[in-house]
file my_file-v6.csv (CSV, C-alpha atoms and all ligand atoms)
chain,number,residue,atom,x,y,z
I,583,MET,CA,0.0,0.0,0.0
I,584,PRO,CA,1.3,3.5,-0.8
I,585,ILE,CA,0.7,4.6,2.8
I,586,TYR,CA,4.0,5.4,4.6
I,587,HIS,CA,4.3,3.6,7.9
I,588,ALA,CA,7.0,3.2,10.4
I,589,LEU,CA,7.4,1.0,13.5
I,590,GLY,CA,10.2,0.7,16.0
I,591,GLN,CA,13.5,2.6,16.0
I,592,ILE,CA,15.1,3.7,12.7
I,593,PRO,CA,18.1,6.0,12.1
I,594,ARG,CA,17.7,9.7,11.2
I,595,LYS,CA,18.5,9.1,7.5
I,596,ARG,CA,18.6,6.0,5.3
I,597,HIS,CA,21.9,4.3,4.5
I,598,ILE,CA,23.8,5.9,7.4
I,599,VAL,CA,25.6,4.2,10.3
I,600,TYR,CA,23.1,2.7,12.7
I,601,ARG,CA,24.7,0.9,15.7
I,602,GLN,CA,23.3,-1.7,18.1
I,603,PRO,CA,23.8,-1.2,21.8
I,604,GLY,CA,26.7,-3.6,21.7
I,605,GLY,CA,28.5,-1.6,19.0
I,606,GLY,CA,27.9,-3.6,15.9
I,607,LEU,CA,25.9,-2.3,12.9
I,608,TYR,CA,22.3,-3.1,12.4
I,609,THR,CA,21.8,-4.7,8.9
I,610,GLU,CA,19.7,-2.5,6.7
I,611,GLU,CA,17.6,-4.4,4.1
I,612,LEU,CA,15.5,-2.9,1.3
I,613,MET,CA,12.4,-5.0,0.9
I,614,GLY,CA,10.3,-4.1,-2.1
I,615,ASN,CA,8.9,-5.1,-5.4
I,616,MET,CA,9.8,-4.2,-9.0
I,617,GLY,CA,13.5,-4.1,-8.2
I,618,PHE,CA,14.3,-0.6,-6.8
I,619,SER,CA,11.3,1.2,-8.4
I,620,GLY,CA,8.2,-0.3,-6.8
I,621,LEU,CA,6.8,0.0,-3.3
I,622,ALA,CA,9.5,-0.7,-0.7
I,623,SER,CA,10.4,-0.6,3.0
I,624,LEU,CA,13.8,-0.2,4.7
I,625,VAL,CA,14.1,-2.8,7.4
I,626,TYR,CA,16.8,-2.9,10.2
I,627,HIS,CA,17.8,-6.3,11.4
I,628,VAL,CA,19.8,-7.4,14.4
I,629,HIS,CA,21.2,-10.2,12.3
I,630,GLN,CA,21.8,-10.5,8.6
I,631,PRO,CA,18.9,-12.1,6.7
I,632,THR,CA,21.5,-13.7,4.5
I,633,GLN,CA,22.8,-16.0,7.2
I,634,VAL,CA,21.5,-19.3,5.8
I,635,LEU,CA,22.5,-22.7,7.4
I,636,SER,CA,20.9,-25.1,5.0
I,637,VAL,CA,18.4,-25.5,2.1
I,638,GLU,CA,16.4,-28.6,1.3
I,639,PRO,CA,13.4,-29.4,-0.9
I,640,VAL,CA,10.0,-29.8,0.8
I,641,LYS,CA,7.7,-30.6,-2.0
I,642,GLU,CA,6.5,-29.7,-5.5
I,643,ILE,CA,3.1,-28.1,-5.8
I,644,ALA,CA,1.7,-29.7,-8.9
I,645,TRP,CA,-1.7,-28.3,-9.6
I,646,VAL,CA,-3.4,-30.7,-12.0
I,647,ALA,CA,-6.2,-29.4,-14.2
I,648,ASP,CA,-9.5,-31.2,-14.7
I,649,SER,CA,-9.4,-33.1,-18.0
I,650,GLU,CA,-13.2,-32.8,-18.5
I,651,ALA,CA,-13.7,-31.6,-22.0
I,652,THR,CA,-17.2,-30.1,-21.8
I,653,PHE,CA,-17.6,-26.4,-21.1
I,654,ARG,CA,-20.3,-25.0,-18.7
I,655,ASN,CA,-21.1,-22.9,-15.7
I,656,ARG,CA,-19.9,-24.8,-12.6
I,657,HIS,CA,-20.5,-24.9,-8.9
I,658,PHE,CA,-18.1,-26.1,-6.2
I,659,ARG,CA,-18.9,-26.5,-2.5
I,660,THR,CA,-16.0,-25.8,-0.2
I,661,SER,CA,-18.1,-27.2,2.7
I,662,ARG,CA,-17.3,-30.6,1.3
I,663,LEU,CA,-13.5,-30.1,1.7
I,664,ALA,CA,-11.7,-31.8,4.5
I,665,PRO,CA,-9.6,-29.7,6.8
I,666,THR,CA,-5.8,-30.0,6.3
I,667,ARG,CA,-2.9,-29.5,8.6
I,668,SER,CA,-1.0,-26.4,7.3
I,669,VAL,CA,-2.3,-23.0,6.2
I,670,THR,CA,0.6,-22.6,3.8
I,671,ALA,CA,1.6,-26.1,2.7
I,672,ASP,CA,-1.7,-27.9,2.4
I,673,ARG,CA,-3.9,-25.5,0.4
I,674,VAL,CA,-6.5,-27.2,-1.8
I,675,PRO,CA,-6.2,-25.8,-5.4
I,676,LEU,CA,-9.5,-24.9,-7.0
I,677,LEU,CA,-9.1,-22.6,-10.0
I,678,PHE,CA,-6.0,-21.2,-11.7
I,679,ASN,CA,-4.3,-19.7,-14.7
I,680,ALA,CA,-0.9,-18.0,-15.2
I,681,ASP,CA,-2.1,-14.8,-13.5
I,682,VAL,CA,-3.9,-15.9,-10.5
I,683,ALA,CA,-4.7,-19.0,-8.4
I,684,LEU,CA,-7.6,-19.7,-6.0
I,685,SER,CA,-7.2,-22.2,-3.3
I,686,PHE,CA,-8.8,-23.0,0.1
I,687,ALA,CA,-7.3,-23.7,3.5
I,688,GLN,CA,-8.9,-25.0,6.7
I,689,PRO,CA,-5.8,-25.5,8.8
I,690,LEU,CA,-6.1,-27.7,11.9
I,691,GLU,CA,-2.7,-26.6,13.3
I,692,ASP,CA,-0.5,-23.6,13.3
I,693,ASP,CA,2.7,-23.9,11.2
I,694,GLU,CA,5.8,-24.4,13.2
I,695,GLN,CA,7.9,-23.0,10.4
I,696,PHE,CA,7.8,-19.5,8.9
I,697,TYR,CA,6.6,-18.9,5.3
I,698,ARG,CA,7.6,-16.7,2.4
I,699,ASN,CA,5.9,-16.7,-0.9
I,700,ALA,CA,8.5,-15.6,-3.4
I,701,GLN,CA,6.4,-16.1,-6.5
I,702,GLY,CA,3.3,-14.2,-5.8
I,703,ASP,CA,1.3,-11.8,-3.6
I,704,GLU,CA,-1.4,-13.3,-1.5
I,705,VAL,CA,-4.8,-12.1,-0.6
I,706,VAL,CA,-6.4,-14.3,2.0
I,707,TYR,CA,-10.1,-13.8,2.7
I,708,VAL,CA,-11.0,-15.0,6.2
I,709,SER,CA,-14.4,-16.5,5.9
I,710,ASP,CA,-14.3,-18.0,9.4
I,711,GLY,CA,-11.8,-18.0,12.2
I,712,GLY,CA,-9.5,-15.5,13.7
I,713,GLY,CA,-6.0,-15.0,15.0
I,714,LEU,CA,-2.8,-13.1,14.4
I,715,LEU,CA,-0.8,-12.7,11.2
I,716,GLU,CA,2.8,-12.3,12.4
I,717,SER,CA,5.7,-10.9,10.4
I,718,PRO,CA,9.1,-9.2,11.1
I,719,LEU,CA,7.3,-5.9,10.4
I,720,GLY,CA,4.7,-6.4,13.2
I,721,SER,CA,1.4,-8.2,13.6
I,722,LEU,CA,-2.1,-8.0,12.2
I,723,ALA,CA,-5.1,-9.3,14.2
I,724,PHE,CA,-7.7,-10.8,12.0
I,725,GLY,CA,-11.2,-12.2,12.1
I,726,PRO,CA,-14.1,-13.1,9.8
I,727,GLY,CA,-14.5,-10.8,6.8
I,728,ASP,CA,-10.9,-9.7,6.7
I,729,TYR,CA,-8.8,-9.6,3.6
I,730,LEU,CA,-5.2,-10.1,4.5
I,731,VAL,CA,-2.8,-8.8,1.8
I,732,VAL,CA,0.7,-10.2,2.1
I,733,PRO,CA,3.1,-8.9,-0.6
I,734,ARG,CA,5.6,-11.4,-1.9
I,735,GLY,CA,8.9,-11.8,-0.1
I,736,ILE,CA,7.7,-11.0,3.4
I,737,VAL,CA,8.3,-13.8,5.9
I,738,HIS,CA,5.2,-14.5,8.0
I,739,ARG,CA,3.2,-17.0,9.9
I,740,TYR,CA,-0.4,-17.4,11.1
I,741,ARG,CA,-1.4,-17.9,14.7
I,742,ILE,CA,-5.0,-19.0,14.7
I,743,SER,CA,-6.9,-18.7,17.9
I,744,GLU,CA,-10.4,-19.1,16.7
I,745,ARG,CA,-11.3,-22.3,14.8
I,746,PRO,CA,-12.5,-23.6,12.5
I,747,ALA,CA,-10.6,-21.4,10.2
I,748,ARG,CA,-11.8,-21.2,6.6
I,749,LEU,CA,-9.5,-19.2,4.3
I,750,LEU,CA,-10.0,-18.4,0.7
I,751,VAL,CA,-6.5,-17.8,-0.8
I,752,ILE,CA,-5.8,-15.7,-3.9
I,753,GLU,CA,-2.2,-15.9,-5.2
I,754,SER,CA,-1.3,-13.3,-7.8
I,755,ALA,CA,1.6,-13.4,-10.2
I,756,GLY,CA,1.5,-9.6,-10.5
I,757,PHE,CA,1.4,-7.4,-7.4
I,758,VAL,CA,-1.9,-6.7,-5.7
I,759,ARG,CA,-3.1,-3.1,-5.2
I,760,THR,CA,-6.1,-1.0,-4.7
I,761,PRO,CA,-7.8,0.0,-8.0
I,762,HIS,CA,-5.9,2.7,-9.8
I,763,ARG,CA,-9.1,4.7,-10.5
I,764,TYR,CA,-9.7,5.0,-6.7
I,765,ARG,CA,-6.4,6.9,-6.2
I,766,ASN,CA,-5.3,10.4,-7.2
I,767,GLU,CA,-2.0,11.2,-8.9
I,768,PHE,CA,-0.4,11.2,-5.5
I,769,GLY,CA,-1.5,7.7,-4.6
I,770,GLN,CA,-4.1,8.8,-2.0
I,771,LEU,CA,-7.5,7.2,-2.1
I,772,MET,CA,-10.0,9.7,-3.3
I,773,GLU,CA,-13.3,10.7,-1.7
I,774,THR,CA,-15.0,8.8,-4.5
I,775,ALA,CA,-13.4,5.5,-3.4
I,776,PRO,CA,-15.5,3.0,-1.5
I,777,PHE,CA,-13.0,2.8,1.3
I,778,SER,CA,-10.3,5.1,2.7
I,779,GLU,CA,-6.8,4.8,4.3
I,780,ARG,CA,-8.5,4.8,7.7
I,781,ASP,CA,-9.9,1.3,6.7
I,782,ILE,CA,-6.4,-0.1,5.9
I,783,ARG,CA,-5.0,-1.8,9.0
I,784,ARG,CA,-1.2,-1.8,9.1
I,785,PRO,CA,1.1,-3.9,11.3
I,786,ARG,CA,1.4,-3.2,15.0
I,787,ASP,CA,3.3,-4.4,18.0
I,788,LEU,CA,6.7,-4.8,16.5
I,789,GLN,CA,8.6,-7.5,18.5
I,790,THR,CA,12.3,-7.7,18.2
I,791,ILE,CA,13.4,-11.3,18.9
I,792,ASP,CA,17.2,-11.6,19.2
I,793,GLU,CA,17.6,-15.4,19.3
I,794,LYS,CA,20.2,-17.6,17.7
I,795,GLY,CA,19.4,-21.2,16.6
I,796,ALA,CA,18.0,-23.0,13.5
I,797,PHE,CA,14.8,-21.4,12.2
I,798,PRO,CA,13.2,-22.9,9.1
I,799,ILE,CA,11.5,-20.7,6.5
I,800,VAL,CA,9.5,-22.5,3.9
I,801,VAL,CA,9.9,-20.5,0.6
I,802,LYS,CA,7.5,-20.9,-2.3
I,803,LYS,CA,9.1,-20.4,-5.7
I,804,ASP,CA,8.5,-22.0,-9.1
I,805,ASN,CA,5.6,-24.0,-7.7
I,806,ARG,CA,7.9,-25.8,-5.2
I,807,LEU,CA,8.5,-25.4,-1.5
I,808,THR,CA,12.0,-25.2,-0.2
I,809,ARG,CA,13.0,-25.2,3.5
I,810,VAL,CA,15.6,-22.4,4.0
I,811,THR,CA,17.0,-22.6,7.5
I,812,VAL,CA,18.6,-19.4,8.9
I,813,ASP,CA,20.7,-19.1,12.1
I,814,HIS,CA,18.5,-16.7,13.9
I,815,HIS,CA,14.9,-15.9,14.6
I,816,PRO,CA,13.6,-14.0,11.5
I,817,PHE,CA,11.6,-11.6,13.6
I,818,ASP,CA,14.8,-9.7,14.6
I,819,VAL,CA,13.7,-6.3,13.3
I,820,VAL,CA,14.3,-3.2,15.5
I,821,GLY,CA,12.6,-0.8,13.2
I,822,TRP,CA,11.4,-0.2,9.6
I,823,ASP,CA,9.7,2.3,7.5
I,824,GLY,CA,8.2,2.5,4.0
I,825,CYS,CA,5.2,1.4,2.0
I,826,TYR,CA,5.8,-2.4,1.7
I,827,TYR,CA,4.2,-4.5,4.4
I,828,PRO,CA,1.3,-6.9,5.1
I,829,TRP,CA,-2.1,-5.1,5.6
I,830,ALA,CA,-5.7,-5.9,6.3
I,831,PHE,CA,-9.0,-4.6,5.1
I,832,SER,CA,-12.4,-5.8,6.3
I,833,ILE,CA,-15.1,-6.5,3.8
I,834,HIS,CA,-17.4,-5.0,6.4
I,835,ASP,CA,-15.6,-1.6,5.9
I,836,PHE,CA,-16.4,-1.6,2.2
I,837,GLU,CA,-18.9,1.2,1.5
I,838,PRO,CA,-21.3,-0.3,-1.1
I,839,ARG,CA,-22.6,1.8,-4.0
I,840,VAL,CA,-26.3,2.0,-4.8
I,841,GLY,CA,-28.0,3.6,-7.8
I,842,ARG,CA,-31.4,4.6,-9.0
I,843,VAL,CA,-31.2,1.5,-11.2
I,844,HIS,CA,-28.8,-1.5,-11.1
I,845,LEU,CA,-25.0,-0.7,-10.9
I,846,PRO,CA,-22.6,-3.2,-12.4
I,847,PRO,CA,-20.0,-5.2,-10.5
I,848,PRO,CA,-17.1,-2.8,-11.1
I,849,VAL,CA,-18.6,-0.5,-8.4
I,850,HIS,CA,-17.8,-3.3,-5.9
I,851,GLN,CA,-14.2,-3.5,-6.9
I,852,THR,CA,-11.8,-3.8,-4.0
I,853,PHE,CA,-8.4,-4.9,-5.4
I,854,GLU,CA,-6.7,-5.2,-8.8
I,855,GLY,CA,-3.9,-7.4,-9.9
I,856,ASP,CA,-2.4,-8.2,-13.3
I,857,GLY,CA,-5.1,-10.0,-15.2
I,858,PHE,CA,-7.8,-10.0,-12.6
I,859,VAL,CA,-9.9,-7.9,-10.2
I,860,VAL,CA,-11.5,-8.7,-6.8
I,861,CYS,CA,-14.9,-7.3,-5.9
I,862,SER,CA,-16.9,-7.3,-2.6
I,863,PHE,CA,-20.6,-7.7,-2.6
I,864,CYS,CA,-21.9,-6.4,0.7
I,865,PRO,CA,-25.2,-5.8,2.5
I,866,ARG,CA,-26.9,-2.8,1.0
I,867,PRO,CA,-30.2,-1.2,0.1
I,868,TYR,CA,-31.4,-2.0,-3.4
I,869,ASP,CA,-31.8,0.4,-6.3
I,870,PHE,CA,-34.3,3.1,-5.4
I,871,ASP,CA,-36.3,3.7,-8.6
I,872,PRO,CA,-39.8,2.1,-8.2
I,873,SER,CA,-39.4,0.3,-11.5
I,874,ALA,CA,-35.9,-0.9,-10.9
I,875,VAL,CA,-35.1,-4.6,-11.2
I,876,PRO,CA,-32.7,-5.1,-8.3
I,877,VAL,CA,-31.1,-8.4,-9.4
I,878,PRO,CA,-28.6,-8.2,-12.3
I,879,TYR,CA,-29.4,-8.7,-15.9
I,880,VAL,CA,-28.1,-11.8,-17.7
I,881,HIS,CA,-24.6,-11.2,-18.9
I,882,SER,CA,-22.0,-12.7,-21.0
I,883,ASN,CA,-18.6,-11.8,-19.6
I,884,VAL,CA,-16.8,-11.8,-22.8
I,885,MET,CA,-13.0,-12.1,-22.2
I,886,SER,CA,-13.6,-12.6,-18.5
I,887,ASP,CA,-14.1,-15.6,-16.3
I,888,GLU,CA,-16.2,-14.8,-13.2
I,889,VAL,CA,-15.8,-16.6,-9.9
I,890,ILE,CA,-17.9,-15.9,-6.9
I,891,TYR,CA,-17.3,-17.1,-3.3
I,892,TYR,CA,-20.5,-17.0,-1.3
I,893,ALA,CA,-19.5,-15.7,2.1
I,894,SER,CA,-23.1,-16.1,3.3
I,895,ALA,CA,-25.9,-18.3,2.1
I,896,GLU,CA,-27.9,-15.4,0.8
I,897,PHE,CA,-27.3,-14.2,-2.7
I,898,MET,CA,-30.0,-12.3,-4.5
I,899,SER,CA,-29.7,-13.9,-7.9
I,900,ARG,CA,-28.8,-17.5,-7.1
I,901,LYS,CA,-30.6,-20.6,-5.9
I,902,GLY,CA,-29.0,-23.8,-4.8
I,903,ILE,CA,-25.9,-22.1,-3.4
I,904,GLU,CA,-24.8,-22.4,0.2
I,905,TYR,CA,-22.3,-20.8,2.5
I,906,GLY,CA,-18.9,-21.6,1.0
I,907,SER,CA,-20.1,-22.2,-2.5
I,908,ILE,CA,-18.0,-21.1,-5.4
I,909,THR,CA,-19.4,-20.6,-8.9
I,910,LEU,CA,-17.4,-20.3,-12.1
I,911,HIS,CA,-19.2,-18.6,-14.9
I,912,PRO,CA,-16.7,-18.7,-17.7
I,913,ASP,CA,-16.4,-16.6,-20.8
I,914,GLY,CA,-18.4,-18.3,-23.5
I,915,VAL,CA,-21.7,-19.0,-21.8
I,916,PRO,CA,-24.2,-16.4,-20.4
I,917,HIS,CA,-25.3,-16.4,-16.8
I,918,GLY,CA,-27.8,-14.5,-14.8
I,919,PRO,CA,-30.5,-14.8,-12.2
I,920,HIS,CA,-32.2,-18.1,-11.7
I,921,PRO,CA,-35.8,-18.3,-12.9
I,922,GLY,CA,-38.2,-16.3,-10.8
I,923,ARG,CA,-35.4,-14.4,-9.0
I,924,ALA,CA,-35.9,-11.2,-11.1
I,925,GLU,CA,-39.7,-11.2,-10.5
I,926,ALA,CA,-39.2,-12.0,-6.8
I,927,SER,CA,-36.8,-9.1,-6.3
I,928,LEU,CA,-39.2,-6.4,-7.5
I,929,GLY,CA,-39.9,-4.0,-4.7
I,930,ALA,CA,-37.4,-5.6,-2.3
I,931,LYS,CA,-35.6,-3.0,-0.2
I,932,GLY,CA,-32.2,-4.5,0.4
I,933,THR,CA,-30.0,-7.5,0.5
I,934,ASN,CA,-27.8,-9.0,3.2
I,935,GLU,CA,-25.6,-10.9,0.7
I,936,LEU,CA,-21.9,-11.2,1.3
I,937,ALA,CA,-19.6,-12.5,-1.5
I,938,VAL,CA,-16.2,-12.2,-2.9
I,939,MET,CA,-15.9,-12.1,-6.7
I,940,LEU,CA,-12.7,-12.8,-8.7
I,941,ASP,CA,-12.9,-11.8,-12.3
I,942,THR,CA,-10.0,-12.9,-14.5
I,943,PHE,CA,-9.3,-11.7,-18.0
I,944,ARG,CA,-7.7,-15.0,-19.1
I,945,PRO,CA,-9.5,-18.4,-18.8
I,946,LEU,CA,-9.2,-20.3,-15.6
I,947,ARG,CA,-8.5,-24.0,-15.3
I,948,VAL,CA,-10.4,-26.1,-12.9
I,949,ALA,CA,-8.2,-28.1,-10.5
I,950,LYS,CA,-8.9,-31.8,-10.1
I,951,ASP,CA,-9.4,-31.3,-6.4
I,952,ALA,CA,-12.4,-29.0,-7.2
I,953,VAL,CA,-14.1,-31.7,-9.2
I,954,ALA,CA,-14.5,-33.8,-6.1
I,955,ILE,CA,-16.7,-31.1,-4.5
I,956,GLU,CA,-18.6,-30.1,-7.6
I,957,ASP,CA,-22.3,-29.9,-8.0
I,958,PRO,CA,-22.5,-31.5,-11.4
I,959,ALA,CA,-26.1,-30.4,-12.1
I,960,TYR,CA,-25.4,-26.7,-11.7
I,961,PHE,CA,-25.2,-25.9,-15.4
I,962,ARG,CA,-28.8,-27.1,-15.7
I,963,SER,CA,-30.1,-25.3,-12.7
I,964,TRP,CA,-31.7,-22.6,-14.9
I,965,VAL,CA,-34.0,-25.1,-16.5
I,966,ASP,CA,-34.5,-27.9,-13.9
I,967,SER,CA,-36.5,-25.8,-11.6
I,968,PRO,CA,-38.2,-23.1,-13.7
I,969,GLY,CA,-40.1,-20.5,-11.7
I,970,GLN,CA,-38.8,-21.7,-8.4
I,971,THR,CA,-38.2,-18.9,-5.9
I,972,PRO,CA,-36.8,-20.5,-2.8
D,1001,FE,FE,-22.0,-12.4,-13.1

call {"tool": "encode", "arguments": {"input": "my_file-v6.csv", "output": "structure tokens"}}
result
Amino acid sequence: MPIYHALGQIPRKRHIVYRQPGGGLYTEELMGNMGFSGLASLVYHVHQPTQVLSVEPVKEIAWVADSEATFRNRHFRTSRLAPTRSVTADRVPLLFNADVALSFAQPLEDDEQFYRNAQGDEVVYVSDGGGLLESPLGSLAFGPGDYLVVPRGIVHRYRISERPARLLVIESAGFVRTPHRYRNEFGQLMETAPFSERDIRRPRDLQTIDEKGAFPIVVKKDNRLTRVTVDHHPFDVVGWDGCYYPWAFSIHDFEPRVGRVHLPPPVHQTFEGDGFVVCSFCPRPYDFDPSAVPVPYVHSNVMSDEVIYYASAEFMSRKGIEYGSITLHPDGVPHGPHPGRAEASLGAKGTNELAVMLDTFRPLRVAKDAVAIEDPAYFRSWVDSPGQTP
């Protein structure tokens, strides 16, 4: 985020002598993206982050695409997924392309090791559960409805105190940011944006842990996990400043837009990446013209695959979905409200729906793991129960 933030103790100027109480120098590290031209922070370590004891392979992450040849609207039910052990190593792949990957985690345990994603930014939507996201830059408390944005390269680990935890994980090849059209030329979120800097939660409670030993960090790169063991606790930072850090934003802080007649999904946009956007559908009053049709019109998202994660069981235009459902409406087939839903919505005053939408500009592949939780009849749901308004 382009919001300058500082925690702990830092020297008067960058790149000058900064000594530890014992006399040695702190190690200054530039942590940022796009080489030396993107967002960055300057981080001051007690030890050198380069002090590596060993490296060893952990596992390959081979995401296998469904070989099913037919093409249709699809529906997956994450409630059918079994919990797994690790929030970082055991994610269940669902949908992916070269730009973005969607997976699901229901960790039973906290990871012992630390984690660094070196191939993508992560946006983790917390559907259930709560805890603390720890990093060398401070901690973020999180709970249901939070988006946790972890830029690539930052060591972190989750400490989950409220279970079950149900986490929707979006990994992005490009870096994740707030939509460009929400920001002015200086990077500040404008009055017209549906959230403001005040809603962006930044790390707090910087802990400086000066401890020698063997500390494994699992690094994700090239779709494989490598265990890199360093000779000191990685949370050895005494201070940092800059614009590159993990941050949190609650879906409940999104200020939904409402019009006289229906407004399209871009008004719900929350994040943008390279090749995709993320939108938040939040509780809101419906359109206020007496003749407005509150539910969306049928649409063909040409050159876009549309994924919706249903964060509550209520969604104005769908039947047959449940909490935790994911629908995939790919480019090439139209989709829209189920029969009867448009008529039933007339005169309604508002909706309590809560959903996260991922729209990609290149086609998504369906992971084999997703097929196991698929509702195979979904593509016929517009004809199998005509007129039904559950
Ligand atoms: Fe849609």

call {"tool": "residues_near_ligand", "arguments": {"input": "my_file-v6.csv", "ligand": "ligand FE 1001 (chain D)", "cutoff": "8 Å", "atoms": "all atoms listed in the file", "output": "count of residues only"}}
result
10

call {"tool": "residues_around", "arguments": {"input": "my_file-v6.csv", "residues": "segment 750-763 of chain I", "least_positions_apart": "2", "cutoff": "7 Å", "atoms": "all atoms listed in the file", "output": "PyMOL selection string"}}
result
chain I and resi 583+681-687+701-708+748+765+852-856

call {"tool": "closest_residue", "arguments": {"input": "my_file-v6.csv", "among": "I:Arg962, I:Ile890, I:Gly841, I:Leu788", "to": "Asp871 of chain I", "atoms": "all atoms listed in the file"}}
result
I:Gly841

call {"tool": "closest_residue", "arguments": {"input": "my_file-v6.csv", "among": "I:Arg698, I:Arg842, I:Arg673, I:Arg809", "to": "Ile643 of chain I", "atoms": "only C-alpha atoms"}}
result
I:Arg673

call {"tool": "closest_residue", "arguments": {"input": "my_file-v6.csv", "among": "I:Arg741, I:Arg734, I:Lys803, I:Lys901", "to": "Gln695 of chain I", "atoms": "all atoms listed in the file"}}
result
I:Arg741

call {"tool": "atom_distance", "arguments": {"input": "my_file-v6.csv", "atom1": "atom CA of Leu936 of chain I", "atom2": "atom CA of Tyr827 of chain I"}}
result
27.1 Å

call {"tool": "residues_around", "arguments": {"input": "my_file-v6.csv", "residues": "Asp869 of chain I", "least_positions_apart": "3", "cutoff": "12 Å", "atoms": "all atoms listed in the file", "output": "MDAnalysis selection string"}}
result
chainID I and resid 838:846 866 872:878 927:933

call {"tool": "closest_atom_pairs", "arguments": {"input": "my_file-v6.csv", "of": "segment 643-740 of chain I", "to": "segment 616-628 of chain I", "cutoff": "12 Å", "atoms": "only C-alpha atoms", "output": "Markdown table"}}
result
| residue | atom | partner | partner_atom | distance |
| --- | --- | --- | --- | --- |
| I:Pro718 | CA | I:Val625 | CA | 8.9 |
| I:Leu719 | CA | I:Val625 | CA | 8.1 |
| I:Gly720 | CA | I:Val625 | CA | 11.6 |
| I:Pro733 | CA | I:Leu621 | CA | 10.0 |
| I:Arg734 | CA | I:Met616 | CA | 10.9 |
| I:Gly735 | CA | I:Ala622 | CA | 11.1 |
| I:Ile736 | CA | I:Ser623 | CA | 10.8 |

call {"tool": "closest_residue", "arguments": {"input": "my_file-v6.csv", "among": "I:Tyr905, I:Phe817, I:Phe863, I:Phe777", "to": "Glu793 of chain I", "atoms": "all atoms listed in the file"}}
result
I:Phe817

call {"tool": "closest_residue", "arguments": {"input": "my_file-v6.csv", "among": "I:Ala680, I:Val948, I:Ile585, I:Ala700", "to": "Thr652 of chain I", "atoms": "only C-alpha atoms"}}
result
I:Val948

call {"tool": "atom_distance", "arguments": {"input": "my_file-v6.csv", "atom1": "atom CA of Asp813 of chain I", "atom2": "atom CA of Ser717 of chain I"}}
result
17.2 Å

call {"tool": "closest_residue", "arguments": {"input": "my_file-v6.csv", "among": "I:Gly712, I:Pro584, I:Pro665, I:Gly769", "to": "Ser743 of chain I", "atoms": "only C-alpha atoms"}}
result
I:Gly712

call {"tool": "atom_distance", "arguments": {"input": "my_file-v6.csv", "atom1": "atom CA of Ala671 of chain I", "atom2": "atom CA of Asp710 of chain I"}}
result
19.1 Å

call {"tool": "closest_atom_pairs", "arguments": {"input": "my_file-v6.csv", "of": "segment 788-858 of chain I", "to": "segment 598-611 of chain I", "cutoff": "12 Å", "atoms": "only C-alpha atoms", "output": "Markdown table"}}
result
| residue | atom | partner | partner_atom | distance |
| --- | --- | --- | --- | --- |
| I:Asp792 | CA | I:Gln602 | CA | 11.7 |
| I:Asp818 | CA | I:Tyr608 | CA | 10.2 |
| I:Val819 | CA | I:Tyr608 | CA | 9.2 |
| I:Val820 | CA | I:Tyr608 | CA | 8.6 |
| I:Gly821 | CA | I:Glu610 | CA | 9.8 |
| I:Trp822 | CA | I:Glu610 | CA | 9.1 |
| I:Asp823 | CA | I:Glu611 | CA | 10.9 |
| I:Gly824 | CA | I:Glu611 | CA | 11.7 |

call {"tool": "residues_around", "arguments": {"input": "my_file-v6.csv", "residues": "segment 781-784 of chain I", "least_positions_apart": "6", "cutoff": "8 Å", "atoms": "all atoms listed in the file", "output": "PyMOL selection string"}}
result
chain I and resi 587+722+827-832+835

call {"tool": "residues_around", "arguments": {"input": "my_file-v6.csv", "residues": "Leu807 of chain I", "least_positions_apart": "6", "cutoff": "12 Å", "atoms": "only C-alpha atoms", "output": "PyMOL selection string"}}
result
chain I and resi 637-644+670-672+696-701+798-801

call {"tool": "residues_around", "arguments": {"input": "my_file-v6.csv", "residues": "Ile903 of chain I", "least_positions_apart": "3", "cutoff": "10 Å", "atoms": "only C-alpha atoms", "output": "ChimeraX atom specification"}}
result
/I:657-659,891-892,894-897,900,906-909,957,960

call {"tool": "decode", "arguments": {"input": "my_file-v6.csv", "residues": "segment 815-832 of chain I", "atoms": "C-alpha atoms", "output": "tab-separated table (two decimals), in the first residue's frame"}}
result
chain	number	residue	atom	x	y	z
I	815	HIS	CA	14.86	-15.91	14.56
I	816	PRO	CA	13.60	-14.03	11.48
I	817	PHE	CA	11.63	-11.56	13.63
I	818	ASP	CA	14.81	-9.67	14.57
I	819	VAL	CA	13.74	-6.25	13.29
I	820	VAL	CA	14.26	-3.21	15.53
I	821	GLY	CA	12.56	-0.78	13.17
I	822	TRP	CA	11.39	-0.22	9.64
I	823	ASP	CA	9.67	2.34	7.49
I	824	GLY	CA	8.17	2.48	4.04
I	825	CYS	CA	5.17	1.36	2.03
I	826	TYR	CA	5.76	-2.39	1.68
I	827	TYR	CA	4.17	-4.50	4.41
I	828	PRO	CA	1.26	-6.87	5.07
I	829	TRP	CA	-2.06	-5.10	5.55
I	830	ALA	CA	-5.67	-5.93	6.30
I	831	PHE	CA	-9.00	-4.63	5.08
I	832	SER	CA	-12.37	-5.83	6.32
